[in-house]
Structures are given as structure tokens and as C-alpha cells.
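Asker: Next up is a structure, given as C-alpha cells.
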Amino acid sequence: MVEAETLIEKLPWSADFEKDKFLKPDFTNLDIIAFACSGTPIGINIPNYDDIRMDFGFKNVNLGNVYPIPSKATVKFLPESDVDFLCKYANESLTLIVALHELLGHGTGKLYTLNDKGEPSNFSPETLNPFTKEPINVKNAYTASETWG
């Protein structure tokens, strides 16, 4: 089995974009009886507050029984030769996609924040954007009282 740290090292950006201390998450599968919202997610990362995740850790939850089950009749825009393959492996591949999304999307990335004086608190302004090769724009960082939500 591949360890999370091994995957994180292969990401296409430097460690400057990752949490200072990685806490390995717990990954759990839950079967949902009811979900009171307009759309049911297929995975969640709890808690959603980044400061709590950094200090205490987090749990990735796969909501496995809410996955859509493809059938030959419902698959559109795919060559007929690939439909059986999709139907056979859809559940397993979606579980992997959810696990990687929760781990790499929510579990490792750093939210750049500014202190009360408006100065970078957890990053260097000289850090380069891996895609543009330009310095990180301090104006895009969160203030001390903000979070992604």
C-alpha cells in the first residue's frame, strides 16, 4: 500500500504549498440513510476548519452508497467497446478519486494567511507560483480572521 507521504512528495509544486506538519488522516466509509441538503456529496473532509485540522487532525469520509451506478443504458458519449469496462470499475475508481481528492485536496494544502499587521504569517512572499513562476500575490492570502468559507 502506498503511503500518503509518498504521494504528497510527487505533487507538482514545492513543499511551500503544503501544511507545515502533515497529519495522516483517517479514511472511513459510511453508508448514508438520509442527507438533509439539496445535493449529496460523495465524500467529505471533517472538520472543515483548517486551524483545527492542522492542530488536531482530520477524517476523510467516503459516502460510498451515494455513488451513481452506471449501466449500459445510462452511459452516454463513450465508445461501446468501453462501456463494460466503465460499468465494471466505476465504483472502485470513484472511491480512489474521492480518497485522493480528500487527502490531497483538503488534507495537505496550506491556506496562506496574513497576521493582524497584514504580513505573511505562514509563508514567504518570495515563494513562486509553480505555474506562473511569479511570486505569490500577498493580496490573495487570507487575513487572520478569514478562512476559505
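Labels used: A, B, ... for chains in the order of the C-alpha cells, numbers from 1 for residues in each chain, and numbers from 1 for ligands as shown.
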Using only C-alpha atoms, which protein or nucleic acid residues come within 12 Å of Glu9 in chain A? Drop anything in the same chain fewer than 6 positions from it, and give the result as a count of residues only.
Answerer: 9
Asker: Could you check which of A:Met54, A:Phe123, A:Ile32, A:Lys24 is closest to Pro135 in chain A, using only C-alpha atoms?
Answerer: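 Selected residue with least distance to Pro135 in chain A: A:Phe123.
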Asker: Need the shell around Pro47 in chain A: protein/DNA/RNA residues with any atom at most 9 Å away, counting only C-alpha atoms. Skip same-chain ones fewer than 3 positions apart. Format as number ranges by chain?
Answerer: A: 44, 50, 52-53, 57-59
Asker: Determine which residues of chain A DSSP labels as strand (DSSP E or B) from the backbone of this structure, then write them out as a list in words.
Answerer: Glu18, Asp26, Phe27, Thr28, Asn29, Gly43, Ile44, Asn45, Ile46, Lys59, Asn60, Val61, Asn62, Gly109, Thr113, Leu114, Pro120, Leu128, Pro135 and Tyr142 of chain A
Asker: Keeping only N, CA and C atoms, write the selected residues as a PDB file, in the first residue's frame.
Answerer:
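Here's the written file again.pdb:
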```pdb
ATOM      1  N   GLU A  18       2.414  23.117   1.005  1.00  0.00           N
ATOM      2  CA  GLU A  18       1.839  22.072   1.851  1.00  0.00           C
ATOM      3  C   GLU A  18       1.843  22.518   3.311  1.00  0.00           C
ATOM      4  N   ASP A  26      -7.558   9.836   8.894  1.00  0.00           N
ATOM      5  CA  ASP A  26      -8.270   8.571   8.942  1.00  0.00           C
ATOM      6  C   ASP A  26      -9.213   8.564   7.744  1.00  0.00           C
ATOM      7  N   PHE A  27      -9.361   7.447   7.075  1.00  0.00           N
ATOM      8  CA  PHE A  27     -10.279   7.351   5.938  1.00  0.00           C
ATOM      9  C   PHE A  27     -11.336   6.318   6.283  1.00  0.00           C
ATOM     10  N   THR A  28     -12.577   6.752   6.273  1.00  0.00           N
ATOM     11  CA  THR A  28     -13.691   5.910   6.680  1.00  0.00           C
ATOM     12  C   THR A  28     -14.741   5.886   5.590  1.00  0.00           C
ATOM     13  N   ASN A  29     -15.405   4.763   5.437  1.00  0.00           N
ATOM     14  CA  ASN A  29     -16.532   4.665   4.512  1.00  0.00           C
ATOM     15  C   ASN A  29     -17.812   4.613   5.338  1.00  0.00           C
ATOM     16  N   GLY A  43     -18.099  12.477  -0.853  1.00  0.00           N
ATOM     17  CA  GLY A  43     -17.039  12.414   0.134  1.00  0.00           C
ATOM     18  C   GLY A  43     -16.974  13.722   0.893  1.00  0.00           C
ATOM     19  N   ILE A  44     -16.507  13.666   2.132  1.00  0.00           N
ATOM     20  CA  ILE A  44     -16.358  14.872   2.940  1.00  0.00           C
ATOM     21  C   ILE A  44     -15.080  14.791   3.757  1.00  0.00           C
ATOM     22  N   ASN A  45     -14.577  15.941   4.123  1.00  0.00           N
ATOM     23  CA  ASN A  45     -13.392  16.056   4.964  1.00  0.00           C
ATOM     24  C   ASN A  45     -13.826  16.835   6.194  1.00  0.00           C
ATOM     25  N   ILE A  46     -13.703  16.215   7.354  1.00  0.00           N
ATOM     26  CA  ILE A  46     -14.162  16.882   8.577  1.00  0.00           C
ATOM     27  C   ILE A  46     -13.035  16.953   9.591  1.00  0.00           C
ATOM     28  N   LYS A  59     -10.546  13.774   9.425  1.00  0.00           N
ATOM     29  CA  LYS A  59     -11.067  12.499   8.963  1.00  0.00           C
ATOM     30  C   LYS A  59     -11.622  12.685   7.560  1.00  0.00           C
ATOM     31  N   ASN A  60     -11.216  11.810   6.659  1.00  0.00           N
ATOM     32  CA  ASN A  60     -11.786  11.775   5.321  1.00  0.00           C
ATOM     33  C   ASN A  60     -12.878  10.729   5.325  1.00  0.00           C
ATOM     34  N   VAL A  61     -14.047  11.099   4.830  1.00  0.00           N
ATOM     35  CA  VAL A  61     -15.187  10.194   4.845  1.00  0.00           C
ATOM     36  C   VAL A  61     -15.665   9.978   3.419  1.00  0.00           C
ATOM     37  N   ASN A  62     -15.737   8.730   3.040  1.00  0.00           N
ATOM     38  CA  ASN A  62     -16.249   8.315   1.745  1.00  0.00           C
ATOM     39  C   ASN A  62     -17.706   7.902   1.939  1.00  0.00           C
ATOM     40  N   GLY A 109      -2.954  20.829   1.500  1.00  0.00           N
ATOM     41  CA  GLY A 109      -2.691  22.188   1.049  1.00  0.00           C
ATOM     42  C   GLY A 109      -2.711  23.215   2.167  1.00  0.00           C
ATOM     43  N   THR A 113      -1.956  32.706   5.019  1.00  0.00           N
ATOM     44  CA  THR A 113      -2.641  33.677   5.875  1.00  0.00           C
ATOM     45  C   THR A 113      -1.714  34.841   6.227  1.00  0.00           C
ATOM     46  N   LEU A 114      -2.350  35.954   6.540  1.00  0.00           N
ATOM     47  CA  LEU A 114      -1.651  37.154   6.987  1.00  0.00           C
ATOM     48  C   LEU A 114      -1.918  37.349   8.471  1.00  0.00           C
ATOM     49  N   PRO A 120       2.670  38.294   5.903  1.00  0.00           N
ATOM     50  CA  PRO A 120       2.566  36.830   5.792  1.00  0.00           C
ATOM     51  C   PRO A 120       2.897  36.154   7.121  1.00  0.00           C
ATOM     52  N   LEU A 128       7.425  31.144  -5.141  1.00  0.00           N
ATOM     53  CA  LEU A 128       6.982  31.292  -6.523  1.00  0.00           C
ATOM     54  C   LEU A 128       5.786  30.402  -6.822  1.00  0.00           C
ATOM     55  N   PRO A 135       6.110  35.575  -8.075  1.00  0.00           N
ATOM     56  CA  PRO A 135       5.938  35.500  -6.613  1.00  0.00           C
ATOM     57  C   PRO A 135       4.452  35.431  -6.242  1.00  0.00           C
ATOM     58  N   TYR A 142      -5.337  34.916   2.958  1.00  0.00           N
ATOM     59  CA  TYR A 142      -6.440  35.142   3.897  1.00  0.00           C
ATOM     60  C   TYR A 142      -5.955  35.989   5.067  1.00  0.00           C
TER      61      TYR A 142
END
```
Asker: When DSSP works through the backbone of this structure, what residues of range 22-94 of chain A end up as helix (DSSP H, G or I), shown as a short mmCIF file (atom, residue, chain, number, x, y, z; two decimals) with C-alpha atoms, in the first residue's frame?
Answerer:
```
data_model
loop_
_atom_site.label_atom_id
_atom_site.label_comp_id
_atom_site.auth_asym_id
_atom_site.auth_seq_id
_atom_site.Cartn_x
_atom_site.Cartn_y
_atom_site.Cartn_z
CA ASP A 50 -8.29 24.40 8.67
CA ASP A 51 -6.84 25.54 12.02
CA ILE A 52 -8.49 22.57 13.76
CA ARG A 53 -7.26 20.18 11.06
CA MET A 54 -3.71 21.49 11.46
CA ASP A 55 -3.72 21.19 15.25
CA PHE A 56 -5.75 18.03 15.81
CA GLY A 64 -19.92 5.01 -0.72
CA ASN A 65 -23.59 4.22 -1.06
CA VAL A 66 -24.42 7.52 -2.74
CA GLU A 80 -19.49 0.89 -26.94
CA SER A 81 -16.22 -1.03 -26.53
CA ASP A 82 -15.50 0.82 -23.26
CA VAL A 83 -18.93 0.69 -21.61
CA ASP A 84 -18.48 -2.72 -19.95
CA PHE A 85 -15.12 -1.62 -18.56
CA LEU A 86 -16.65 1.55 -17.11
CA CYS A 87 -19.55 -0.30 -15.53
CA LYS A 88 -17.24 -2.91 -14.01
CA TYR A 89 -14.76 -0.48 -12.40
CA ALA A 90 -16.84 2.66 -11.78
CA ASN A 91 -17.30 2.15 -8.04
CA GLU A 92 -13.67 1.26 -7.29
CA SER A 93 -12.29 4.12 -9.39
CA LEU A 94 -14.65 6.68 -7.85
#
```
